[in-house]
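Peer 1: My structure file target29.txt, compact mmCIF, C-alpha atoms, is below:
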# COMPACT_ATOMS: atom_id res chain seq x y z
CA MET A 45 165.61 10.45 -0.45
CA THR A 46 167.00 13.97 -0.56
CA GLY A 47 166.76 16.40 2.30
CA VAL A 48 166.88 13.68 5.03
CA SER A 49 169.61 14.12 7.63
CA ARG A 50 171.64 11.28 8.98
CA ASN A 51 170.12 11.68 12.41
CA ASN A 52 166.61 10.70 11.27
CA GLU A 53 167.17 7.07 12.13
CA ASP A 54 168.28 7.94 15.68
CA ILE A 55 165.01 9.58 16.73
CA PRO A 56 162.72 6.51 16.82
CA LYS A 57 165.47 4.48 18.51
CA GLN A 58 165.82 7.01 21.28
CA LEU A 59 162.07 7.12 21.81
CA ASP A 60 161.64 3.35 21.81
CA LEU A 61 164.45 2.83 24.31
CA GLY A 62 163.40 5.73 26.49
CA LEU A 63 166.84 7.31 26.01
CA SER A 64 167.56 11.00 25.90
CA PRO A 65 170.29 12.94 24.18
CA GLY A 66 171.50 14.00 27.63
CA MET A 67 170.85 16.28 30.52
CA GLY A 68 169.88 19.46 28.78
CA ASN A 69 171.25 18.37 25.43
CA THR A 70 169.02 18.17 22.39
CA THR A 71 169.06 15.94 19.32
CA LYS A 72 167.73 17.63 16.22
CA SER A 73 166.57 16.17 12.92
CA THR A 74 165.47 18.07 9.86
CA THR A 75 163.44 16.46 7.12
CA LEU A 76 161.78 18.16 4.14
CA GLY A 77 162.33 21.55 5.73
CA HIS A 78 160.57 20.53 8.97
CA THR A 79 162.14 20.22 12.40
CA ALA A 80 161.63 17.69 15.20
CA LYS A 81 163.16 18.10 18.62
CA CYS A 82 163.00 15.65 21.47
CA ALA A 83 164.13 16.09 25.06
CA THR A 84 163.69 14.30 28.38
CA MET A 85 164.15 14.91 32.11
CA GLY A 86 161.91 17.96 32.23
CA HIS A 87 163.03 19.29 28.86
CA THR A 88 160.70 19.81 25.91
CA ALA A 89 160.36 17.87 22.69
CA LYS A 90 159.15 19.88 19.75
CA SER A 91 157.90 18.82 16.33
CA THR A 92 156.91 21.00 13.42
CA THR A 93 155.06 19.52 10.48
CA MET A 94 153.63 21.50 7.56
CA GLY A 95 153.73 24.75 9.54
CA CYS A 96 151.91 23.29 12.59
CA THR A 97 153.84 23.03 15.88
CA ALA A 98 153.39 20.39 18.58
CA TRP A 99 155.12 20.45 21.94
CA PHE A 100 155.83 17.18 23.69
CA SER A 101 157.11 16.19 27.09
CA THR A 102 158.10 12.69 28.19
CA ARG A 103 156.97 13.53 31.71
CA THR A 104 153.36 14.33 30.71
CA VAL A 105 150.69 12.53 28.74
CA ASN A 106 149.37 15.61 26.94
CA CYS A 107 150.83 18.29 24.72
CA THR A 108 149.56 21.44 23.03
CA THR A 109 149.16 21.78 19.27
CA MET A 110 147.79 24.99 17.74
CA GLY A 111 146.31 25.96 21.09
CA HIS A 112 144.57 22.58 21.63
CA THR A 113 145.43 19.56 23.74
CA THR A 114 146.32 16.35 21.91
CA ASN A 115 148.06 13.06 22.65
CA CYS A 116 151.87 13.29 22.49
CA THR A 117 152.39 9.79 21.15
CA THR A 118 149.92 10.30 18.27
CA ALA A 119 151.38 13.66 17.26
CA PHE A 120 154.97 12.45 17.40
CA ARG A 121 154.16 9.24 15.51
CA ILE A 122 152.65 11.34 12.71
CA CYS A 123 155.78 13.49 12.59
CA GLN A 124 157.94 10.37 12.58
CA LEU A 125 156.09 8.81 9.65
CA ARG A 126 155.93 12.07 7.72
CA SER A 127 159.66 12.55 8.15
CA GLN A 128 160.28 9.26 6.32
CA GLY A 129 158.31 10.44 3.30
CA VAL A 130 154.81 9.23 2.46
CA HIS A 131 155.95 7.60 -0.79
CA ASN A 132 158.54 5.53 1.08
CA LEU A 133 155.96 4.00 3.44
CA SER A 134 154.33 0.64 3.00
CA TYR A 135 150.59 0.28 2.54
CA GLU A 136 150.02 -0.80 6.15
CA VAL A 137 152.04 2.15 7.48
CA ARG A 138 150.15 4.58 5.21
CA VAL A 139 146.86 3.26 6.62
CA GLU A 140 148.24 3.78 10.11
CA LEU A 141 149.27 7.35 9.21
CA TRP A 142 145.85 8.04 7.71
CA ASN A 143 144.06 6.78 10.85
CA LEU A 144 146.35 8.79 13.12
CA GLU A 145 145.74 11.99 11.14
CA ASN A 146 141.98 11.42 11.21
CA GLU A 147 142.16 10.88 14.95
CA GLN A 148 144.19 14.07 15.39
CA PHE A 149 141.84 16.09 13.15
CA GLU A 150 138.82 14.89 15.10
CA GLU A 151 140.49 15.81 18.38
CA LEU A 152 141.78 19.23 17.28
CA VAL A 153 139.00 20.45 14.98
CA ILE A 154 135.78 18.46 15.17
CA GLN A 155 135.52 17.99 18.92
CA PRO A 156 136.23 21.68 19.77
CA SER A 157 133.64 22.70 17.17
CA LEU A 158 131.05 20.41 18.73
CA ASN A 159 131.87 21.74 22.18
CA TYR A 160 131.48 25.33 20.96
CA TYR A 161 128.10 24.49 19.40
CA ASP A 162 126.88 22.86 22.61
CA GLN A 163 127.95 25.84 24.72
CA ASN A 164 126.52 28.57 22.49
CA PHE A 165 123.63 27.05 20.52
CA GLN A 166 122.31 24.29 22.77
CA LYS A 167 121.92 26.26 25.97
CA ALA A 168 120.07 24.69 28.85
CA PRO A 169 117.01 26.61 30.09
CA GLN A 170 117.80 29.03 32.87
CA ARG A 171 114.63 28.27 34.79
CA THR A 172 113.22 24.84 35.48
CA GLY A 173 110.01 25.88 37.27
CA ARG A 174 108.37 27.50 34.25
CA GLY A 175 104.96 28.98 34.94
CA LEU A 176 105.19 28.46 38.68
CA GLY A 177 105.12 32.20 39.31
CA TRP A 178 101.96 32.69 37.25
CA ARG A 179 100.20 29.77 38.94
CA ASN A 180 100.82 31.36 42.31
CA ILE A 181 99.67 34.76 41.01
CA TRP A 182 96.53 33.27 39.45
CA ASN A 183 95.58 31.49 42.67
CA ARG A 184 96.00 34.75 44.58
CA LEU A 185 93.90 36.72 42.08
CA GLN A 186 91.04 34.24 42.34
CA GLU A 187 91.03 34.46 46.12
CA ASP A 188 91.53 38.21 46.62
CA ASP A 189 89.59 40.79 44.56
CA ALA A 190 91.63 43.65 45.99
CA ALA A 191 94.87 41.99 44.87
CA CYS A 192 93.44 41.59 41.37
CA LEU A 193 92.54 45.28 41.20
CA GLN A 194 95.95 46.28 42.50
CA LEU A 195 97.96 44.05 40.13
CA LEU A 196 95.88 44.06 36.93
CA ARG A 197 94.02 47.37 37.43
CA MET A 198 90.70 45.63 36.76
CA SER A 199 88.35 43.15 38.39
CA LEU A 200 88.60 39.44 37.72
CA PRO A 201 85.36 39.26 35.64
CA CYS A 202 86.59 42.18 33.51
CA PHE A 203 89.97 40.49 33.09
CA THR A 204 88.34 37.21 32.04
CA ALA A 205 86.09 39.00 29.54
CA LEU A 206 89.09 40.82 28.05
CA CYS A 207 90.94 37.52 27.60
CA ASN A 208 87.94 35.94 25.87
CA ILE A 209 87.49 38.92 23.52
CA LEU A 210 91.16 38.98 22.54
CA GLN A 211 91.20 35.25 21.86
CA THR A 212 87.90 35.13 19.98
CA ASN A 213 88.07 38.29 17.89
CA TYR A 214 91.67 39.47 17.69
CA GLY A 215 93.87 36.42 17.18
CA LEU A 216 95.62 36.16 20.55
CA GLN A 217 96.24 32.43 21.05
CA PRO A 218 97.65 30.36 23.92
CA THR A 219 100.68 28.09 23.60
CA SER A 220 101.53 24.80 25.22
CA ASN A 221 103.30 26.60 28.08
CA ILE A 222 101.59 30.00 28.37
CA SER A 223 97.86 30.61 28.62
CA ILE A 224 95.90 33.59 27.34
CA GLU A 225 95.43 34.82 30.90
CA GLU A 226 99.16 34.86 31.58
CA SER A 227 99.93 36.72 28.33
CA VAL A 228 97.34 39.39 29.13
CA ALA A 229 98.54 39.67 32.72
CA ILE A 230 102.15 40.19 31.58
CA PHE A 231 101.09 43.13 29.42
CA LEU A 232 98.87 44.67 32.10
CA VAL A 233 101.58 44.45 34.76
CA ILE A 234 104.18 46.09 32.49
CA CYS A 235 101.86 48.95 31.51
CA GLY A 236 100.03 49.33 34.82
CA HIS A 237 103.12 49.36 37.04
CA ASN A 238 105.76 50.66 34.61
CA GLU A 239 107.93 47.61 35.26
CA VAL A 240 110.80 46.45 33.07
CA GLN A 241 110.68 43.09 31.32
CA ARG A 242 113.39 41.61 33.53
CA ASP A 243 111.42 42.21 36.72
CA VAL A 244 108.21 40.90 35.19
CA GLY A 245 110.05 37.77 34.06
CA LEU A 246 111.21 37.14 37.62
CA ARG A 247 107.68 37.65 38.93
CA PHE A 248 106.07 35.29 36.41
CA GLY A 249 108.89 32.75 36.26
CA ARG A 250 109.65 33.45 32.58
CA ASN A 251 112.78 34.53 30.78
CA GLN A 252 113.04 38.01 29.31
CA GLU A 253 112.67 36.87 25.70
CA THR A 254 109.33 35.21 26.48
CA VAL A 255 108.05 38.33 28.23
CA MET A 256 109.06 40.52 25.28
CA ARG A 257 107.41 38.16 22.77
CA LYS A 258 104.14 37.95 24.69
CA PHE A 259 104.09 41.72 25.17
CA SER A 260 104.44 42.21 21.40
CA GLU A 261 101.70 39.67 20.64
CA PHE A 262 99.29 41.36 23.02
CA LEU A 263 100.18 44.80 21.67
CA THR A 264 99.33 43.65 18.14
CA ALA A 265 95.95 42.33 19.29
CA THR A 266 95.27 45.50 21.30
CA GLU A 267 95.88 47.70 18.27
CA LEU A 268 93.10 45.82 16.47
CA LEU A 269 90.85 46.08 19.50
CA ALA A 270 91.46 49.84 19.75
CA CYS A 271 90.28 50.35 16.18
CA ASP A 272 86.89 48.93 17.18
CA TYR A 273 86.47 50.47 20.63
CA ILE A 274 88.10 53.88 20.04
CA ARG A 275 86.02 54.58 16.98
CA THR A 276 86.15 57.93 15.23
CA PRO A 277 82.59 59.28 14.83
CA THR A 278 81.27 59.78 11.33
CA THR A 279 79.98 63.10 9.99
CA GLN A 280 76.39 61.90 10.42
CA GLU A 281 77.05 61.00 14.06
CA LEU A 282 78.61 64.40 14.71
CA GLN A 283 75.45 66.09 13.41
CA ARG A 284 73.42 64.63 16.27
CA ILE A 285 73.08 66.31 19.64
CA PRO A 286 74.58 64.11 22.39
CA GLU A 287 71.94 62.54 24.63
CA ARG A 288 73.73 63.59 27.80
CA LEU A 289 73.62 67.19 26.62
CA LEU A 290 69.91 67.02 25.78
CA VAL A 291 69.02 66.24 29.39
CA ASP A 292 71.38 68.91 30.79
CA ARG A 293 69.00 71.79 31.45
CA VAL A 294 71.78 74.12 32.56
CA ASN A 295 74.11 73.83 29.56
CA TYR A 296 72.03 72.56 26.66
CA PRO A 297 70.49 75.82 25.50
CA TYR A 298 73.90 77.49 25.37
CA PHE A 299 76.10 74.66 24.04
CA SER A 300 73.70 72.85 21.74
CA GLY A 301 76.40 72.60 19.04
CA CYS A 302 78.94 70.87 21.28
CA VAL A 303 79.83 67.31 20.24
CA GLY A 304 82.62 66.59 22.74
CA ALA A 305 85.62 67.94 24.61
CA MET A 306 89.26 67.98 23.55
CA ASP A 307 92.43 68.43 25.57
CA GLY A 308 96.06 67.39 25.74
CA THR A 309 97.90 65.50 28.45
CA HIS A 310 101.49 64.52 29.09
CA VAL A 311 102.53 60.88 29.49
CA CYS A 312 106.01 60.27 30.86
CA VAL A 313 108.42 58.35 28.64
CA LYS A 314 112.05 57.21 28.85
CA VAL A 315 114.27 58.51 26.05
CA THR A 316 117.98 58.57 25.32
CA PRO A 317 119.98 61.56 26.61
CA GLU A 318 120.35 63.08 23.16
CA LEU A 319 116.55 63.22 22.75
CA GLN A 320 115.67 64.59 26.18
CA GLY A 321 115.74 68.19 24.99
CA MET A 322 113.01 67.44 22.46
CA TYR A 323 110.81 65.52 24.90
CA TRP A 324 111.39 67.72 27.97
CA ASN A 325 108.18 69.48 29.02
CA ARG A 326 107.25 72.30 31.36
CA HIS A 327 106.83 69.82 34.22
CA ASP A 328 110.57 69.05 34.14
CA ASN A 329 110.36 65.52 32.75
CA ALA A 330 110.38 63.75 29.38
CA SER A 331 106.94 63.01 27.98
CA LEU A 332 104.68 62.61 24.98
CA ASN A 333 102.04 65.27 24.44
CA ILE A 334 98.88 63.31 23.71
CA ILE A 335 95.78 64.95 22.31
CA ALA A 336 92.43 63.24 22.87
CA ILE A 337 88.72 63.81 22.26
CA CYS A 338 85.95 62.26 24.32
CA ASP A 339 82.16 62.36 24.35
CA PHE A 340 79.93 63.10 27.33
CA ASN A 341 79.86 59.41 28.26
CA MET A 342 83.59 59.63 29.14
CA LEU A 343 84.53 57.49 26.16
CA PHE A 344 87.49 58.37 23.97
CA THR A 345 86.53 58.98 20.36
CA TYR A 346 89.99 60.01 19.12
CA ILE A 347 93.60 59.82 20.36
CA TRP A 348 96.77 61.10 18.69
CA ASN A 349 100.12 60.64 20.45
CA GLY A 350 102.76 61.60 17.94
CA ALA A 351 104.26 64.77 19.48
CA PRO A 352 107.21 65.22 21.88
CA GLY A 353 106.50 66.80 25.24
CA SER A 354 108.13 70.12 24.33
CA CYS A 355 105.45 70.85 21.70
CA HIS A 356 102.68 73.29 22.57
CA ASP A 357 99.07 72.08 22.52
CA THR A 358 98.30 74.21 19.48
CA ALA A 359 101.21 72.68 17.57
CA VAL A 360 100.06 69.18 18.52
CA LEU A 361 96.56 69.92 17.23
CA THR A 362 98.00 71.21 13.95
CA MET A 363 100.13 68.07 13.58
CA ALA A 364 97.13 65.83 14.24
CA LYS A 365 94.93 67.55 11.67
CA GLU A 366 97.62 67.63 8.99
CA SER A 367 99.06 64.14 9.43
CA ASP A 368 95.95 62.10 10.27
CA PHE A 369 93.27 61.98 7.61
CA GLU A 370 90.91 60.36 10.15
CA PHE A 371 90.89 63.37 12.46
CA PRO A 372 87.18 63.91 13.29
CA MET A 373 86.78 67.52 12.24
CA PRO A 374 83.29 68.66 13.32
CA PRO A 375 80.77 70.07 10.82
CA LEU A 376 80.40 73.81 10.34
CA ASP A 377 77.75 74.26 13.03
CA LYS A 378 79.44 71.93 15.56
CA TYR A 379 82.48 72.30 17.78
CA TYR A 380 84.63 70.77 20.51
CA LEU A 381 85.14 72.48 23.85
CA VAL A 382 88.82 73.31 24.44
CA ASP A 383 90.73 75.21 27.12
CA SER A 384 92.56 78.51 26.76
CA GLY A 385 95.67 76.75 25.41
CA TYR A 386 93.94 76.36 22.03
CA PRO A 387 92.83 79.09 19.63
CA ASN A 388 89.18 80.00 19.38
CA LYS A 389 88.38 79.15 15.76
CA GLN A 390 86.05 77.13 13.56
CA GLY A 391 85.32 73.76 15.16
CA PHE A 392 86.92 74.62 18.52
CA LEU A 393 85.32 76.77 21.22
CA ALA A 394 87.72 78.21 23.81
CA PRO A 395 86.82 80.30 26.92
CA TYR A 396 87.31 84.01 27.42
CA ARG A 397 90.85 84.93 28.39
CA SER A 398 92.13 87.45 30.88
CA SER A 399 93.72 90.64 29.60
CA ARG A 400 96.08 93.19 31.10
CA ASN A 401 93.24 95.34 32.29
CA ARG A 402 90.80 92.66 33.38
CA VAL A 403 90.99 89.24 35.01
CA VAL A 404 88.44 86.71 33.80
CA ARG A 405 88.18 83.57 35.87
CA TYR A 406 87.84 80.23 34.13
CA HIS A 407 88.74 77.16 36.20
CA MET A 408 86.08 75.53 38.36
CA SER A 409 88.25 75.79 41.47
CA GLN A 410 88.20 79.58 41.11
CA PHE A 411 84.40 79.58 41.23
CA ASN A 412 84.01 76.87 43.88
CA TYR A 413 86.21 78.70 46.38
CA GLY A 414 85.40 82.25 45.33
CA PRO A 415 82.51 84.60 44.60
CA PRO A 416 79.96 83.83 41.87
CA PRO A 417 80.52 85.04 38.30
CA LYS A 418 80.79 88.83 38.11
CA ASN A 419 79.96 89.32 34.42
CA LYS A 420 78.76 87.49 31.35
CA GLU A 421 82.27 86.37 30.41
CA GLU A 422 82.81 84.64 33.73
CA LEU A 423 79.33 83.10 33.59
CA PHE A 424 80.14 81.70 30.15
CA ASN A 425 83.52 80.44 31.38
CA ARG A 426 81.96 78.73 34.39
CA ARG A 427 79.49 76.77 32.28
CA HIS A 428 82.16 76.10 29.67
CA ALA A 429 84.54 74.72 32.32
CA SER A 430 81.80 72.60 33.88
CA LEU A 431 80.96 70.98 30.56
CA ARG A 432 84.57 70.65 29.39
CA SER A 433 85.65 68.94 32.61
CA VAL A 434 84.48 65.63 31.14
CA ILE A 435 87.79 65.28 29.28
CA GLU A 436 89.78 65.92 32.47
CA ARG A 437 87.74 63.33 34.36
CA THR A 438 88.27 60.85 31.53
CA PHE A 439 92.02 61.44 31.66
CA GLY A 440 91.91 60.94 35.42
CA VAL A 441 90.14 57.58 35.16
CA TRP A 442 92.54 56.46 32.42
CA LYS A 443 95.66 57.42 34.36
CA LYS A 444 94.29 55.81 37.52
CA LYS A 445 94.35 52.53 35.65
Translate the structure described by the file into structure tokens.

Peer 2:
Amino acid sequence: MTGVSRNNEDIPKQLDLGLSPGMGNTTKSTTLGHTAKCATMGHTAKSTTMGCTAWFSTRTVNCTTMGHTTNCTTAFRICQLRSQGVHNLSYEVRVELWNLENEQFEELVIQPSLNYYDQNFQKAPQRTGRGLGWRNIWNRLQEDDAACLQLLRMSLPCFTALCNILQTNYGLQPTSNISIEESVAIFLVICGHNEVQRDVGLRFGRNQETVMRKFSEFLTATELLACDYIRTPTTQELQRIPERLLVDRVNYPYFSGCVGAMDGTHVCVKVTPELQGMYWNRHDNASLNIIAICDFNMLFTYIWNGAPGSCHDTAVLTMAKESDFEFPMPPLDKYYLVDSGYPNKQGFLAPYRSSRNRVVRYHMSQFNYGPPPKNKEELFNRRHASLRSVIERTFGVWKKK
């Protein structure tokens, strides 16, 4: 066999007898372009086969091959047999070589792969007491009405009715581990207290992924619910005079064409630094400028929340009318009451404004803590503000929640 050095036969003899080439000396054999080195007494034995390197030491039971730990005897035996040439081996020795290589492949490749899979794809749950937090919360809510109002922003009967409606009509379903009540409570706590998902997960004993998933499921169901409960009035409904206005002897004769009140409000949001300039409002915080319409029963009939906080109320109204085909534009002889931030035009009745030469009061606080109206403009503004305050009271109740 060509390429085999004369020292090849010495290597197995030295290993079998436990001999060493000497204190610090090294015996080297080269076969088929590969190198095997063996050393004892604290020195290193090295074998290279087909471009793969294994380090051996007679004083240890393990060695490192390609960054992994393998048995020294197995690796060196493979190098020893390979150095003799596969075609020169007997059938029994070839079977031995094949078994040794399979054992080495399993140790170096298969087992590390299985360990990596177990560590990264078969993770153990972080919490063992799943649902324990919600059970404690639920017991507290059933015992203390004030705690229920503080946590969920609604009474327990109202909360139970909401859960039943969402499950019956809007597709929100429980799972084997999480009930409808817990899913609804997770959403209400996040929205009512402006808490992050991580903190809510700690409170309810759930991981963050579960909280995010349940929040999304409830949000989907709530969007369907909103379409039924925040219903845009039809043209025929806008033609009718509101019942609350009919019984208002002070305002009805003068505002018989009024079908509701409209105003904008700012809702704080968290945005990235590069978007803060767009969402920064006059109150020195980032917000959305929401426009809403309500009737005289303090029920929202329309909401549009697609404008950054830096937009003026007039611009928000223009966006809503142009982008939303469902905007409830009143008929020709009807109108919404708006404040002085909106223009006085068809469908929208604004109050009289002050000028350079004359101050015209408008807000109710100016009349409550001051003299009565001095002229017809202020009298109109006082009644206008009294009737339009329904939208401000509706905003107040909503934000209190």

Peer 1: Between A:Cys202, A:Arg275, A:Cys192, A:Ala265, single out the one closest to A:Gln217, counting all atoms listed in the file.

Peer 2: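 Selected residue with least distance to A:Gln217: A:Ala265.
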
Peer 1: To one decimal in Å, tell me the separation between atom CA of A:Gln283 and atom CA of A:Asp357.

Peer 2: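 Separation of atom CA of A:Gln283 and atom CA of A:Asp357: 26.0 Å.
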
Peer 1: For the interface of stretch 147-251 of chain A with stretch 311-317 of chain A (cut-off 12 Å, counting all atoms listed in the file), please tabulate each contacting residue of stretch 147-251 of chain A alongside its nearest pair of atoms and their separation in Å to one decimal, rows sorted by chain and increasing number, as a Markdown table.

Peer 2:
| residue | atom | partner | partner_atom | distance |
| --- | --- | --- | --- | --- |
| A:Cys235 | CA | A:Val313 | CA | 11.8 |
| A:Asn238 | CA | A:Val313 | CA | 10.1 |
| A:Val240 | CA | A:Lys314 | CA | 11.6 |

Peer 1: With all atoms listed in the file counted, which protein, DNA or RNA residues have an atom no more than 9 Å from (116.6, 38.1, 34.4) in the file frame? Please answer as a list of chain:residue names.

Peer 2: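 The answer, in the requested form, is A:Gln241, A:Arg242, A:Asp243, A:Val244, A:Gly245, A:Leu246, A:Arg250, A:Asn251, A:Gln252.
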
Peer 1: For a test of reading the model, state the distance in Å between atom CA of A:His310 and atom CA of A:Gly353, rounded to one decimal.

Peer 2: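 These atoms are spaced 6.7 Å apart.
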
Peer 1: Can you tell me how far atom CA of A:Gly215 sits from atom CA of A:Leu185, in Å to one decimal?

Peer 2: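 Rounded to one decimal, the two atoms are 24.9 Å apart.
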
Peer 1: If we count only C-alpha atoms, what is near stretch 421-428 of chain A at a cut-off of 10 Å, once residues fewer than 3 positions away on the same chain are taken out, given as a ChimeraX atom specification?

Peer 2: /A:294-295,298-299,381-383,393-398,403-412,416-418,431-433

Peer 1: Just the selected residues (C-alpha atoms), exported as a PDB file, in the coordinates of the input, please.

Peer 2:
ATOM      1  CA  VAL A 294      71.780  74.120  32.560  1.00  0.00           C
ATOM      2  CA  ASN A 295      74.110  73.830  29.560  1.00  0.00           C
ATOM      3  CA  TYR A 298      73.900  77.490  25.370  1.00  0.00           C
ATOM      4  CA  PHE A 299      76.100  74.660  24.040  1.00  0.00           C
ATOM      5  CA  LEU A 381      85.140  72.480  23.850  1.00  0.00           C
ATOM      6  CA  VAL A 382      88.820  73.310  24.440  1.00  0.00           C
ATOM      7  CA  ASP A 383      90.730  75.210  27.120  1.00  0.00           C
ATOM      8  CA  LEU A 393      85.320  76.770  21.220  1.00  0.00           C
ATOM      9  CA  ALA A 394      87.720  78.210  23.810  1.00  0.00           C
ATOM     10  CA  PRO A 395      86.820  80.300  26.920  1.00  0.00           C
ATOM     11  CA  TYR A 396      87.310  84.010  27.420  1.00  0.00           C
ATOM     12  CA  ARG A 397      90.850  84.930  28.390  1.00  0.00           C
ATOM     13  CA  SER A 398      92.130  87.450  30.880  1.00  0.00           C
ATOM     14  CA  VAL A 403      90.990  89.240  35.010  1.00  0.00           C
ATOM     15  CA  VAL A 404      88.440  86.710  33.800  1.00  0.00           C
ATOM     16  CA  ARG A 405      88.180  83.570  35.870  1.00  0.00           C
ATOM     17  CA  TYR A 406      87.840  80.230  34.130  1.00  0.00           C
ATOM     18  CA  HIS A 407      88.740  77.160  36.200  1.00  0.00           C
ATOM     19  CA  MET A 408      86.080  75.530  38.360  1.00  0.00           C
ATOM     20  CA  SER A 409      88.250  75.790  41.470  1.00  0.00           C
ATOM     21  CA  GLN A 410      88.200  79.580  41.110  1.00  0.00           C
ATOM     22  CA  PHE A 411      84.400  79.580  41.230  1.00  0.00           C
ATOM     23  CA  ASN A 412      84.010  76.870  43.880  1.00  0.00           C
ATOM     24  CA  PRO A 416      79.960  83.830  41.870  1.00  0.00           C
ATOM     25  CA  PRO A 417      80.520  85.040  38.300  1.00  0.00           C
ATOM     26  CA  LYS A 418      80.790  88.830  38.110  1.00  0.00           C
ATOM     27  CA  LEU A 431      80.960  70.980  30.560  1.00  0.00           C
ATOM     28  CA  ARG A 432      84.570  70.650  29.390  1.00  0.00           C
ATOM     29  CA  SER A 433      85.650  68.940  32.610  1.00  0.00           C
TER      30      SER A 433
END

Peer 1: Which residue, A:Asn349, A:Asn325, A:Thr278, A:Asn401, has the smallest gap to A:Pro374 when you use all atoms listed in the file?

Peer 2: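 That would be A:Thr278, the residue with the smallest distance to A:Pro374.
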
Peer 1: Using all atoms listed in the file and a cutoff of 10 Å, can you tell me which residues are near (95.3, 35.5, 42.6) in the file's coordinates, and write them out as a PyMOL selection string?

Peer 2: chain A and resi 178-192+195+200

Peer 1: When you count all atoms listed in the file, which of these residues is closest to A:Val139: A:Phe371, A:Ile154, A:Trp324, A:Ile122?

Peer 2: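 Distance minimum relative to A:Val139 lands on A:Ile122.
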
Peer 1: May I ask which of the residues A:Thr254, A:Asn164, A:Gln155, A:Gln390 is the closest one to A:Gly301, counting all atoms listed in the file?

Peer 2: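 Between A:Thr254, A:Asn164, A:Gln155, A:Gln390, the residue approaching A:Gly301 most closely is A:Gln390.
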